[in-house]
file structure_18.cif (mmCIF, C-alpha atoms (C1' of nucleotides))
data_model
loop_
_atom_site.label_atom_id
_atom_site.label_comp_id
_atom_site.auth_asym_id
_atom_site.auth_seq_id
_atom_site.Cartn_x
_atom_site.Cartn_y
_atom_site.Cartn_z
CA MET V 88 -91.15 -171.25 -183.11
CA LYS V 89 -93.67 -171.65 -180.31
CA ASP V 90 -95.09 -168.27 -181.21
CA PRO V 91 -98.71 -168.83 -182.27
CA GLY V 92 -98.26 -165.96 -184.66
CA PRO V 93 -99.47 -162.42 -184.24
CA ARG V 94 -103.09 -161.91 -183.39
CA TRP V 95 -104.02 -160.72 -186.86
CA LEU V 96 -106.89 -158.34 -187.31
CA SER V 97 -110.14 -159.84 -188.50
CA PRO V 98 -111.67 -158.27 -191.61
CA ASP V 99 -114.05 -156.32 -189.40
CA GLU V 100 -111.26 -155.10 -187.19
CA GLN V 101 -109.19 -154.21 -190.19
CA SER V 102 -112.03 -152.15 -191.55
CA THR V 103 -112.63 -150.43 -188.22
CA TRP V 104 -108.98 -149.52 -187.93
CA ARG V 105 -108.58 -148.24 -191.46
CA GLU V 106 -111.75 -146.18 -191.41
CA ALA V 107 -110.87 -144.67 -188.07
CA ILE V 108 -107.30 -143.78 -188.90
CA GLU V 109 -108.29 -142.32 -192.24
CA ALA V 110 -111.08 -140.27 -190.71
CA TRP V 111 -108.94 -138.78 -187.99
CA GLN V 112 -105.95 -138.17 -190.17
CA TRP V 113 -108.22 -136.26 -192.48
CA LEU V 114 -109.89 -134.36 -189.65
CA LEU V 115 -106.63 -133.24 -188.11
CA ALA V 116 -105.28 -132.26 -191.51
CA ALA V 117 -108.43 -130.31 -192.32
CA VAL V 118 -108.29 -128.34 -189.08
CA ASP V 119 -104.60 -127.68 -189.50
CA ALA V 120 -105.02 -126.59 -193.10
CA GLN V 121 -107.77 -124.12 -192.23
CA LEU V 122 -105.66 -122.46 -189.58
CA GLN V 123 -102.63 -122.37 -191.83
CA ARG V 124 -104.60 -120.92 -194.70
CA ASP V 125 -106.69 -118.33 -192.86
CA SER V 126 -104.38 -117.37 -190.03
CA GLY V 127 -100.93 -118.43 -191.13
CA MET V 128 -100.29 -120.68 -188.15
CA PRO V 129 -100.25 -124.42 -187.74
CA LEU V 130 -102.52 -126.08 -185.18
CA ALA V 131 -99.57 -126.66 -182.87
CA TYR V 132 -98.95 -122.91 -182.59
CA TYR V 133 -102.61 -122.19 -182.07
CA GLU V 134 -102.65 -124.65 -179.20
CA ILE V 135 -99.66 -122.99 -177.62
CA LEU V 136 -101.33 -119.61 -177.79
CA VAL V 137 -104.49 -121.08 -176.28
CA ARG V 138 -102.58 -122.62 -173.38
CA LEU V 139 -100.89 -119.33 -172.67
CA SER V 140 -104.14 -117.39 -172.91
CA GLU V 141 -105.67 -119.67 -170.30
CA ALA V 142 -102.77 -119.36 -167.87
CA PRO V 143 -102.57 -116.81 -165.06
CA ASP V 144 -100.94 -113.63 -166.38
CA HIS V 145 -100.92 -115.27 -169.78
CA SER V 146 -97.65 -116.82 -168.71
CA LEU V 147 -96.18 -120.28 -168.27
CA ARG V 148 -92.80 -121.82 -167.60
CA MET V 149 -91.44 -123.50 -170.71
CA THR V 150 -91.69 -126.93 -169.17
CA GLN V 151 -95.27 -126.40 -168.09
CA LEU V 152 -96.10 -125.17 -171.55
CA ALA V 153 -94.56 -128.27 -173.05
CA GLU V 154 -96.59 -130.50 -170.76
CA ALA V 155 -99.80 -128.59 -171.41
CA SER V 156 -99.25 -128.96 -175.13
CA SER V 157 -98.14 -132.58 -174.77
CA SER V 158 -95.03 -131.94 -176.76
CA SER V 159 -91.32 -132.03 -176.17
CA LYS V 160 -89.26 -129.22 -174.68
CA SER V 161 -87.27 -128.91 -177.84
CA ARG V 162 -90.34 -128.53 -179.96
CA VAL V 163 -91.78 -125.89 -177.69
CA SER V 164 -88.48 -124.09 -177.54
CA HIS V 165 -88.31 -123.85 -181.33
CA ALA V 166 -91.97 -122.96 -181.59
CA VAL V 167 -91.74 -120.20 -179.00
CA ALA V 168 -88.70 -118.84 -180.79
CA ARG V 169 -90.77 -118.51 -183.95
CA LEU V 170 -93.76 -117.09 -182.10
CA GLU V 171 -91.42 -114.58 -180.54
CA GLU V 172 -90.21 -113.53 -183.99
CA ARG V 173 -93.80 -112.76 -184.89
CA GLY V 174 -94.22 -110.75 -181.73
CA TRP V 175 -96.89 -113.03 -180.32
CA VAL V 176 -94.94 -114.30 -177.34
CA ARG V 177 -92.20 -112.83 -175.17
CA ARG V 178 -89.67 -114.75 -173.10
CA MET V 179 -88.47 -113.57 -169.71
CA ASP V 180 -86.15 -114.88 -167.06
CA CYS V 181 -87.83 -116.57 -164.17
CA PRO V 182 -87.28 -114.58 -160.97
CA THR V 183 -87.29 -117.58 -158.63
CA ASP V 184 -85.32 -120.09 -160.70
CA ARG V 185 -82.59 -118.62 -162.82
CA ARG V 186 -82.55 -121.66 -165.09
CA GLY V 187 -86.13 -121.03 -165.99
CA GLN V 188 -87.76 -119.08 -168.78
CA ILE V 189 -91.28 -117.76 -168.72
CA ALA V 190 -93.24 -117.46 -171.93
CA THR V 191 -95.84 -114.71 -171.96
CA LEU V 192 -98.52 -114.00 -174.50
CA THR V 193 -98.18 -110.45 -175.82
CA ASP V 194 -101.18 -108.23 -176.54
CA GLN V 195 -100.39 -108.72 -180.18
CA GLY V 196 -100.42 -112.47 -179.66
CA PHE V 197 -103.75 -112.27 -177.92
CA ASP V 198 -105.12 -110.32 -180.85
CA ALA V 199 -103.80 -112.89 -183.30
CA LEU V 200 -105.47 -115.63 -181.30
CA SER V 201 -108.72 -113.72 -181.13
CA ALA V 202 -108.61 -113.22 -184.87
CA ALA V 203 -107.93 -116.87 -185.57
CA ALA V 204 -110.43 -118.34 -183.14
CA PRO V 205 -113.74 -117.79 -184.96
CA GLY V 206 -112.59 -119.46 -188.17
CA HIS V 207 -111.04 -122.29 -186.25
CA VAL V 208 -114.15 -122.90 -184.18
CA GLU V 209 -116.28 -122.81 -187.29
CA GLN V 210 -114.04 -125.40 -188.93
CA VAL V 211 -114.24 -127.66 -185.90
CA ARG V 212 -118.00 -127.42 -186.03
CA GLN V 213 -118.05 -128.33 -189.67
CA VAL V 214 -115.79 -131.36 -189.46
CA LEU V 215 -116.90 -132.71 -186.11
CA PHE V 216 -120.02 -131.33 -184.49
CA ASP V 217 -122.08 -130.93 -187.64
CA ALA V 218 -121.07 -134.42 -188.77
CA LEU V 219 -122.09 -136.29 -185.65
CA THR V 220 -125.36 -136.76 -183.82
CA PRO V 221 -125.60 -135.83 -180.12
CA GLU V 222 -125.63 -139.54 -179.41
CA GLN V 223 -122.42 -140.04 -181.34
CA LEU V 224 -120.79 -137.13 -179.56
CA ARG V 225 -121.54 -138.80 -176.23
CA GLN V 226 -120.09 -142.03 -177.57
CA LEU V 227 -117.02 -140.17 -178.72
CA ASP V 228 -116.44 -138.88 -175.20
CA GLY V 229 -116.30 -142.45 -173.95
CA ILE V 230 -113.98 -143.55 -176.71
CA SER V 231 -111.61 -140.64 -176.21
CA ALA V 232 -111.50 -141.29 -172.51
CA ALA V 233 -110.70 -144.96 -173.05
CA ILE V 234 -107.87 -144.15 -175.44
CA GLN V 235 -106.49 -141.51 -173.11
CA ALA V 236 -106.53 -144.03 -170.31
CA LYS V 237 -104.27 -146.20 -172.46
CA ALA V 238 -102.12 -143.20 -173.21
CA ALA V 239 -101.69 -142.44 -169.54
CA ALA V 240 -100.79 -146.05 -168.80
CA SER V 241 -98.35 -146.30 -171.67
CA PRO V 242 -94.68 -145.39 -171.43
CA THR V 243 -94.86 -143.75 -174.86
CA ASP V 244 -95.03 -140.22 -173.58
CA ALA V 245 -92.95 -140.70 -170.48
CA GLU V 246 -90.15 -138.22 -170.98
CA GLY V 247 -88.58 -138.66 -167.64
CA CYS V 248 -89.75 -142.09 -166.59
CA PRO V 249 -89.64 -142.11 -162.80
CA ALA V 250 -89.63 -145.91 -162.61
CA ALA V 251 -85.94 -146.23 -163.41
CA MET Y 231 -121.48 -105.54 -186.97
CA LYS Y 232 -124.54 -107.61 -187.72
CA ASP Y 233 -122.52 -110.75 -187.24
CA PRO Y 234 -123.97 -112.54 -184.21
CA GLY Y 235 -120.44 -113.72 -183.50
CA PRO Y 236 -119.01 -117.13 -184.04
CA ARG Y 237 -120.93 -120.07 -182.72
CA TRP Y 238 -118.60 -120.64 -179.82
CA LEU Y 239 -118.18 -124.08 -178.40
CA SER Y 240 -120.05 -124.80 -175.19
CA PRO Y 241 -117.96 -126.11 -172.31
CA ASP Y 242 -119.17 -129.62 -173.10
CA GLU Y 243 -118.31 -129.27 -176.74
CA GLN Y 244 -114.96 -127.82 -175.88
CA SER Y 245 -114.22 -130.78 -173.69
CA THR Y 246 -115.35 -133.26 -176.34
CA TRP Y 247 -113.15 -131.62 -178.94
CA ARG Y 248 -110.05 -131.41 -176.79
CA GLU Y 249 -110.31 -134.94 -175.49
CA ALA Y 250 -110.87 -136.31 -178.96
CA ILE Y 251 -108.05 -134.43 -180.64
CA GLU Y 252 -105.65 -135.28 -177.86
CA ALA Y 253 -106.60 -138.95 -177.92
CA TRP Y 254 -106.18 -139.34 -181.66
CA GLN Y 255 -103.05 -137.28 -181.88
CA TRP Y 256 -101.59 -139.55 -179.25
CA LEU Y 257 -102.85 -142.71 -180.92
CA LEU Y 258 -101.44 -141.79 -184.30
CA ALA Y 259 -98.13 -140.78 -182.74
CA ALA Y 260 -97.95 -144.00 -180.76
CA VAL Y 261 -98.52 -146.16 -183.82
CA ASP Y 262 -96.05 -144.15 -185.84
CA ALA Y 263 -93.44 -144.29 -183.10
CA GLN Y 264 -93.71 -148.07 -182.77
CA LEU Y 265 -93.17 -148.57 -186.47
CA GLN Y 266 -90.31 -146.12 -186.55
CA ARG Y 267 -88.66 -147.70 -183.56
CA ASP Y 268 -89.08 -151.38 -184.40
CA SER Y 269 -89.00 -151.31 -188.18
CA GLY Y 270 -87.37 -148.04 -189.08
CA MET Y 271 -90.25 -146.77 -191.16
CA PRO Y 272 -92.92 -144.17 -190.55
CA LEU Y 273 -96.59 -145.07 -190.76
CA ALA Y 274 -96.91 -143.35 -194.12
CA TYR Y 275 -94.33 -145.67 -195.66
CA TYR Y 276 -95.94 -148.71 -194.12
CA GLU Y 277 -99.25 -147.72 -195.65
CA ILE Y 278 -97.65 -147.38 -199.07
CA LEU Y 279 -96.15 -150.85 -198.79
CA VAL Y 280 -99.52 -152.24 -197.74
CA ARG Y 281 -101.29 -150.65 -200.69
CA LEU Y 282 -98.73 -152.09 -203.07
CA SER Y 283 -98.89 -155.51 -201.48
CA GLU Y 284 -102.64 -155.55 -202.03
CA ALA Y 285 -102.45 -154.52 -205.66
CA PRO Y 286 -102.29 -156.94 -208.58
CA ASP Y 287 -98.67 -157.83 -209.32
CA HIS Y 288 -97.76 -155.75 -206.28
CA SER Y 289 -97.79 -152.82 -208.67
CA LEU Y 290 -99.59 -149.49 -208.98
CA ARG Y 291 -99.34 -146.38 -211.10
CA MET Y 292 -98.00 -143.50 -209.05
CA THR Y 293 -101.27 -141.61 -209.27
CA GLN Y 294 -103.29 -144.62 -208.15
CA LEU Y 295 -100.88 -145.13 -205.31
CA ALA Y 296 -101.33 -141.52 -204.26
CA GLU Y 297 -105.10 -141.88 -204.29
CA ALA Y 298 -105.01 -145.15 -202.39
CA SER Y 299 -102.84 -143.56 -199.74
CA SER Y 300 -104.90 -140.37 -199.74
CA SER Y 301 -101.82 -138.28 -200.18
CA SER Y 302 -100.47 -135.96 -202.79
CA LYS Y 303 -98.51 -137.01 -205.83
CA SER Y 304 -95.52 -135.08 -204.66
CA ARG Y 305 -95.52 -136.77 -201.30
CA VAL Y 306 -95.80 -140.20 -202.85
CA SER Y 307 -93.12 -139.38 -205.36
CA HIS Y 308 -90.71 -138.48 -202.57
CA ALA Y 309 -91.71 -141.42 -200.45
CA VAL Y 310 -91.26 -143.91 -203.28
CA ALA Y 311 -87.86 -142.43 -204.03
CA ARG Y 312 -86.79 -143.18 -200.49
CA LEU Y 313 -88.36 -146.62 -200.50
CA GLU Y 314 -86.49 -147.30 -203.71
CA GLU Y 315 -83.22 -146.34 -202.03
CA ARG Y 316 -83.91 -149.01 -199.42
CA GLY Y 317 -84.63 -151.53 -202.14
CA TRP Y 318 -88.23 -152.01 -201.06
CA VAL Y 319 -89.83 -150.61 -204.18
CA ARG Y 320 -88.79 -150.46 -207.84
CA ARG Y 321 -90.03 -147.98 -210.41
CA MET Y 322 -90.60 -148.94 -214.01
CA ASP Y 323 -91.87 -147.18 -217.08
CA CYS Y 324 -95.48 -147.83 -217.92
CA PRO Y 325 -95.70 -149.76 -221.20
CA THR Y 326 -99.07 -148.34 -222.26
CA ASP Y 327 -98.63 -144.72 -221.21
CA ARG Y 328 -95.13 -143.44 -221.57
CA ARG Y 329 -95.77 -140.59 -219.15
CA GLY Y 330 -96.52 -143.04 -216.42
CA GLN Y 331 -94.42 -144.73 -213.78
CA ILE Y 332 -95.30 -148.00 -212.12
CA ALA Y 333 -94.21 -148.65 -208.57
CA THR Y 334 -93.65 -152.30 -207.73
CA LEU Y 335 -93.02 -153.89 -204.38
CA THR Y 336 -89.77 -155.85 -204.44
CA ASP Y 337 -89.37 -159.19 -202.70
CA GLN Y 338 -87.18 -157.40 -200.22
CA GLY Y 339 -89.95 -154.87 -199.68
CA PHE Y 340 -92.46 -157.63 -199.12
CA ASP Y 341 -90.14 -159.16 -196.56
CA ALA Y 342 -89.75 -155.83 -194.81
CA LEU Y 343 -93.51 -155.45 -194.68
CA SER Y 344 -93.94 -159.00 -193.38
CA ALA Y 345 -91.38 -158.32 -190.71
CA ALA Y 346 -93.02 -155.07 -189.65
CA ALA Y 347 -96.62 -156.26 -189.68
CA PRO Y 348 -96.80 -158.34 -186.48
CA GLY Y 349 -95.45 -155.58 -184.27
CA HIS Y 350 -97.64 -153.02 -185.93
CA VAL Y 351 -100.76 -155.12 -185.55
CA GLU Y 352 -99.91 -155.76 -181.93
CA GLN Y 353 -99.53 -152.04 -181.33
CA VAL Y 354 -102.86 -151.31 -182.97
CA ARG Y 355 -104.46 -153.89 -180.72
CA GLN Y 356 -102.93 -152.32 -177.67
CA VAL Y 357 -103.89 -148.74 -178.38
CA LEU Y 358 -107.28 -149.32 -179.96
CA PHE Y 359 -108.87 -152.75 -179.71
CA ASP Y 360 -107.77 -153.55 -176.20
CA ALA Y 361 -108.84 -150.10 -175.05
CA LEU Y 362 -112.39 -150.19 -176.35
CA THR Y 363 -115.37 -152.42 -175.72
CA PRO Y 364 -117.06 -154.20 -178.64
CA GLU Y 365 -119.88 -151.73 -178.21
CA GLN Y 366 -117.50 -148.80 -178.50
CA LEU Y 367 -115.88 -150.31 -181.57
CA ARG Y 368 -119.27 -150.43 -183.25
CA GLN Y 369 -119.87 -146.82 -182.25
CA LEU Y 370 -116.49 -145.89 -183.66
CA ASP Y 371 -117.45 -147.34 -187.02
CA GLY Y 372 -120.41 -145.01 -187.17
CA ILE Y 373 -118.37 -142.01 -186.12
CA SER Y 374 -115.63 -142.72 -188.64
CA ALA Y 375 -118.17 -143.12 -191.40
CA ALA Y 376 -119.82 -139.82 -190.51
CA ILE Y 377 -116.52 -137.98 -190.55
CA GLN Y 378 -115.50 -139.58 -193.81
CA ALA Y 379 -118.79 -138.50 -195.30
CA LYS Y 380 -117.82 -134.94 -194.42
CA ALA Y 381 -114.40 -135.51 -195.89
CA ALA Y 382 -115.86 -136.72 -199.15
CA ALA Y 383 -118.18 -133.74 -199.32
CA SER Y 384 -115.48 -131.23 -198.47
CA PRO Y 385 -113.27 -129.54 -201.04
CA THR Y 386 -110.28 -129.95 -198.74
CA ASP Y 387 -108.87 -132.95 -200.50
CA ALA Y 388 -110.10 -132.09 -203.96
CA GLU Y 389 -106.91 -131.89 -205.92
CA GLY Y 390 -108.50 -131.38 -209.27
CA CYS Y 391 -111.92 -130.00 -208.44
CA PRO Y 392 -114.16 -131.02 -211.34
CA ALA Y 393 -116.75 -128.39 -210.51
CA ALA Y 394 -114.80 -125.56 -212.08
"C1'" DC W 43 -97.70 -132.56 -239.16
"C1'" DT W 44 -98.30 -128.92 -235.68
"C1'" DA W 45 -100.17 -126.31 -232.07
"C1'" DG W 46 -102.90 -126.26 -227.95
"C1'" DT W 47 -104.47 -128.34 -223.69
"C1'" DG W 48 -104.44 -131.41 -219.91
"C1'" DT W 49 -102.05 -135.00 -217.36
"C1'" DT W 50 -98.01 -137.24 -214.99
"C1'" DG W 51 -94.29 -137.08 -212.29
"C1'" DT W 52 -90.00 -134.77 -210.58
"C1'" DC W 53 -87.24 -131.15 -208.54
"C1'" DA W 54 -85.82 -127.23 -205.42
"C1'" DA W 55 -86.78 -124.19 -201.53
"C1'" DG W 56 -88.73 -123.33 -197.12
"C1'" DC W 57 -90.75 -124.83 -192.86
"C1'" DG W 58 -91.35 -127.68 -188.81
"C1'" DT W 59 -89.89 -131.73 -186.07
"C1'" DT W 60 -86.66 -134.74 -183.81
"C1'" DC W 61 -82.37 -136.21 -181.88
"C1'" DA W 62 -78.24 -135.55 -179.65
"C1'" DA W 63 -75.18 -132.60 -177.51
"C1'" DC W 64 -74.38 -128.61 -174.66
"C1'" DT W 65 -74.71 -124.62 -171.02
"C1'" DA W 66 -76.31 -122.98 -166.86
"C1'" DT W 67 -78.37 -123.65 -162.57
"C1'" DT W 68 -80.16 -126.09 -158.53
"C1'" DC W 69 -80.11 -129.82 -155.28
"C1'" DC W 70 -77.94 -132.92 -152.19
"C1'" DA W 71 -74.43 -135.77 -149.89
"C1'" DG W 72 -70.30 -135.73 -147.49
"C1'" DC T 173 -68.07 -125.60 -148.85
"C1'" DT T 174 -67.20 -128.92 -152.62
"C1'" DG T 175 -68.25 -132.29 -156.17
"C1'" DG T 176 -71.58 -134.94 -158.57
"C1'" DA T 177 -76.20 -135.71 -160.19
"C1'" DA T 178 -80.44 -133.93 -161.71
"C1'" DT T 179 -83.11 -130.22 -163.92
"C1'" DA T 180 -84.25 -126.26 -167.33
"C1'" DG T 181 -83.80 -124.80 -171.54
"C1'" DT T 182 -81.33 -123.96 -175.96
"C1'" DT T 183 -78.93 -125.10 -180.14
"C1'" DG T 184 -77.60 -127.25 -184.66
"C1'" DA T 185 -77.86 -130.99 -187.91
"C1'" DA T 186 -80.55 -134.27 -190.30
"C1'" DC T 187 -84.83 -135.53 -191.88
"C1'" DG T 188 -89.53 -135.46 -193.80
"C1'" DC T 189 -93.29 -132.80 -195.63
"C1'" DT T 190 -95.50 -129.14 -198.52
"C1'" DT T 191 -95.68 -125.89 -202.11
"C1'" DG T 192 -94.91 -124.07 -206.58
"C1'" DA T 193 -92.37 -124.27 -210.78
"C1'" DC T 194 -91.21 -127.24 -214.34
"C1'" DA T 195 -90.26 -130.98 -218.06
"C1'" DA T 196 -92.11 -134.86 -220.54
"C1'" DC T 197 -95.75 -136.85 -222.67
"C1'" DA T 198 -100.69 -137.93 -224.52
"C1'" DC T 199 -104.68 -136.51 -226.76
"C1'" DT T 200 -107.36 -133.55 -229.90
"C1'" DA T 201 -108.34 -130.39 -233.58
"C1'" DG T 202 -107.14 -128.12 -237.53
#
call {"tool": "encode", "arguments": {"input": "structure_18.cif", "output": "structure tokens"}}
result
Amino acid sequence: MKDPGPRWLSPDEQSTWREAIEAWQWLLAAVDAQLQRDSGMPLAYYEILVRLSEAPDHSLRMTQLAEASSSSKSRVSHAVARLEERGWVRRMDCPTDRRGQIATLTDQGFDALSAAAPGHVEQVRQVLFDALTPEQLRQLDGISAAIQAKAAASPTDAEGCPAA
Amino acid sequence: MKDPGPRWLSPDEQSTWREAIEAWQWLLAAVDAQLQRDSGMPLAYYEILVRLSEAPDHSLRMTQLAEASSSSKSRVSHAVARLEERGWVRRMDCPTDRRGQIATLTDQGFDALSAAAPGHVEQVRQVLFDALTPEQLRQLDGISAAIQAKAAASPTDAEGCPAA
DNA sequence: CTAGTGTTGTCAAGCGTTCAACTATTCCAG
DNA sequence: CTGGAATAGTTGAACGCTTGACAACACTAG
């Protein structure tokens, strides 16, 4: 074995990692739980509704919606099916590409989003913005950007890797 | 309506929030995916094995294990049942409290953990430590601590709230 | 001893996610 | 125009997680 062994984490690194992962796991769970409790939807659904509400005509192709939500087509397909059952989203055939489906936010869906938003925003304030100083928020921007740079460079989320 | 309306997020805040949530969702998913792919276990299971490996006699009461993993008893109960199926953990009756169950890491479980650790550590380095500067890592410590302070103060994870 | 109360852990049902086919359509080469 | 490859999206099964109900047990008071 020439392998010098894995580059183990130092105690400091170990602490940094554990604190960070615990903090963000908790934060994501807290935000998700609030939405689930007060509005009956998981964070993933809320994000889908937001993406649609920001799109022209409140409409997006399924694939675009999946990309915007950084999730898989299958997941979005199932999710939209459930949102459709609730009357929050409608699916239509795409006029230009007959393979395509267009998901559209209904008025009812827009109302549901509007109703959920204030509580959600308040929760985000409580767990993030009220917890951190302006200085820390600036620092967080840099950290997020650095991680996202890794994410973009990594093959982890490459669904259709073009480098084949 | 006297309500001045929710304290909406400013564009800057909105950006901070979205970047952060996206970055950490990705990071957690990337770490989980690596473990699942290379060692056939989700991050939650890995964390349980780590907690056990750090405990005296590689053993913990189920409740202690749940607290150490910051998850619910039910979740831990299910997880340990599956780990037991794989032969990584054994459950025994507690000699001093006959209600209790003690989860013990088996030798096989310790081996599985040892086999999984190097790849996991390497992945953590890639997505976190290699992405951030030493300065940013220090900043992250402060941010994590601030969020955890909120977590501790919040009733979100209070299973048995003593303030009743 | 017996009843009441709180704790410990498990079990069953329902929901959401992922993975692996599968259908339908478009694109492109010959 | 035809056949094959790529693309768009859906579907069903298996899996893990969460919730609420529940059984077993410990502790305390009468």
call {"tool": "interface_residues", "arguments": {"input": "structure_18.cif", "of": "chain Y", "to": "chain W", "cutoff": "9 Å", "atoms": "all atoms listed in the file", "output": "list in words"}}
result
Met292, Thr293, Lys303, Ser304, Ser307, His308, Arg329, Gly330 and Gln331 of chain Y
call {"tool": "interface_residues", "arguments": {"input": "structure_18.cif", "of": "chain Y", "to": "chain T", "cutoff": "8 Å", "atoms": "all atoms listed in the file", "output": "NGL selection string"}}
result
:Y and (305 or 327-329)
call {"tool": "interface_residues", "arguments": {"input": "structure_18.cif", "of": "chain Y", "to": "chain V", "cutoff": "6 Å", "atoms": "all atoms listed in the file", "output": "PyMOL selection string"}}
result
chain Y and resi 236+246+249-250+253+348+361+371+374+376-378
call {"tool": "closest_residue", "arguments": {"input": "structure_18.cif", "among": "V:Ala202, V:Ile189, V:Ala142, V:Met128", "to": "Arg173 (chain V)", "atoms": "all atoms listed in the file"}}
result
V:Met128
call {"tool": "resolve_selection", "arguments": {"input": "structure_18.cif", "expression": "the PyMOL selection byres ((chain V and resi 135) around 10)", "output": "MDAnalysis selection string"}}
result
chainID V and resid 130:134 136:140 152:153 155:156 163 166:167 170 176 192
call {"tool": "axis_aligned_box", "arguments": {"input": "structure_18.cif", "around": "region 54-65 of chain W", "padding_each_side": "3 Å", "output": "JSON"}}
result
{"center_x": -82.9, "center_y": -129.8, "center_z": -188.2, "size_x": 23.0, "size_y": 18.9, "size_z": 40.4}
call {"tool": "decode", "arguments": {"input": "structure_18.cif", "residues": "region 360-378 of chain Y", "atoms": "N, CA and C atoms", "output": "mmCIF file, in the first residue's frame"}}
result
data_model
loop_
_atom_site.group_PDB
_atom_site.id
_atom_site.type_symbol
_atom_site.label_atom_id
_atom_site.label_comp_id
_atom_site.auth_asym_id
_atom_site.auth_seq_id
_atom_site.Cartn_x
_atom_site.Cartn_y
_atom_site.Cartn_z
ATOM 1 N N ASP Y 360 -11.799 22.231 0.440
ATOM 2 C CA ASP Y 360 -11.058 22.691 -0.732
ATOM 3 C C ASP Y 360 -11.732 23.889 -1.392
ATOM 4 N N ALA Y 361 -13.013 24.087 -1.071
ATOM 5 C CA ALA Y 361 -13.747 25.177 -1.722
ATOM 6 C C ALA Y 361 -13.557 26.501 -0.997
ATOM 7 N N LEU Y 362 -13.263 26.429 0.288
ATOM 8 C CA LEU Y 362 -13.226 27.648 1.093
ATOM 9 C C LEU Y 362 -11.811 28.011 1.540
ATOM 10 N N THR Y 363 -11.588 29.280 1.708
ATOM 11 C CA THR Y 363 -10.308 29.743 2.256
ATOM 12 C C THR Y 363 -10.313 29.549 3.775
ATOM 13 N N PRO Y 364 -9.125 29.526 4.380
ATOM 14 C CA PRO Y 364 -9.059 29.429 5.850
ATOM 15 C C PRO Y 364 -9.885 30.519 6.516
ATOM 16 N N GLU Y 365 -9.839 31.697 5.934
ATOM 17 C CA GLU Y 365 -10.641 32.808 6.447
ATOM 18 C C GLU Y 365 -12.134 32.466 6.410
ATOM 19 N N GLN Y 366 -12.569 31.931 5.288
ATOM 20 C CA GLN Y 366 -13.990 31.581 5.164
ATOM 21 C C GLN Y 366 -14.382 30.467 6.117
ATOM 22 N N LEU Y 367 -13.457 29.551 6.368
ATOM 23 C CA LEU Y 367 -13.765 28.466 7.301
ATOM 24 C C LEU Y 367 -13.975 29.019 8.712
ATOM 25 N N ARG Y 368 -13.153 30.012 9.061
ATOM 26 C CA ARG Y 368 -13.357 30.639 10.369
ATOM 27 C C ARG Y 368 -14.716 31.324 10.418
ATOM 28 N N GLN Y 369 -15.043 32.027 9.329
ATOM 29 C CA GLN Y 369 -16.337 32.708 9.274
ATOM 30 C C GLN Y 369 -17.479 31.707 9.396
ATOM 31 N N LEU Y 370 -17.292 30.567 8.745
ATOM 32 C CA LEU Y 370 -18.333 29.544 8.780
ATOM 33 C C LEU Y 370 -18.570 29.048 10.202
ATOM 34 N N ASP Y 371 -17.510 28.928 10.968
ATOM 35 C CA ASP Y 371 -17.671 28.526 12.365
ATOM 36 C C ASP Y 371 -18.625 29.472 13.095
ATOM 37 N N GLY Y 372 -18.392 30.759 12.888
ATOM 38 C CA GLY Y 372 -19.248 31.740 13.558
ATOM 39 C C GLY Y 372 -20.686 31.642 13.102
ATOM 40 N N ILE Y 373 -20.871 31.460 11.811
ATOM 41 C CA ILE Y 373 -22.226 31.379 11.258
ATOM 42 C C ILE Y 373 -22.942 30.141 11.783
ATOM 43 N N SER Y 374 -22.243 29.017 11.776
ATOM 44 C CA SER Y 374 -22.845 27.781 12.268
ATOM 45 C C SER Y 374 -23.258 27.931 13.730
ATOM 46 N N ALA Y 375 -22.373 28.530 14.496
ATOM 47 C CA ALA Y 375 -22.660 28.697 15.920
ATOM 48 C C ALA Y 375 -23.897 29.564 16.115
ATOM 49 N N ALA Y 376 -24.004 30.626 15.319
ATOM 50 C CA ALA Y 376 -25.146 31.531 15.458
ATOM 51 C C ALA Y 376 -26.449 30.814 15.112
ATOM 52 N N ILE Y 377 -26.402 30.002 14.063
ATOM 53 C CA ILE Y 377 -27.610 29.274 13.676
ATOM 54 C C ILE Y 377 -27.971 28.246 14.743
ATOM 55 N N GLN Y 378 -26.948 27.570 15.247
ATOM 56 C CA GLN Y 378 -27.212 26.562 16.277
ATOM 57 C C GLN Y 378 -27.768 27.196 17.539
#
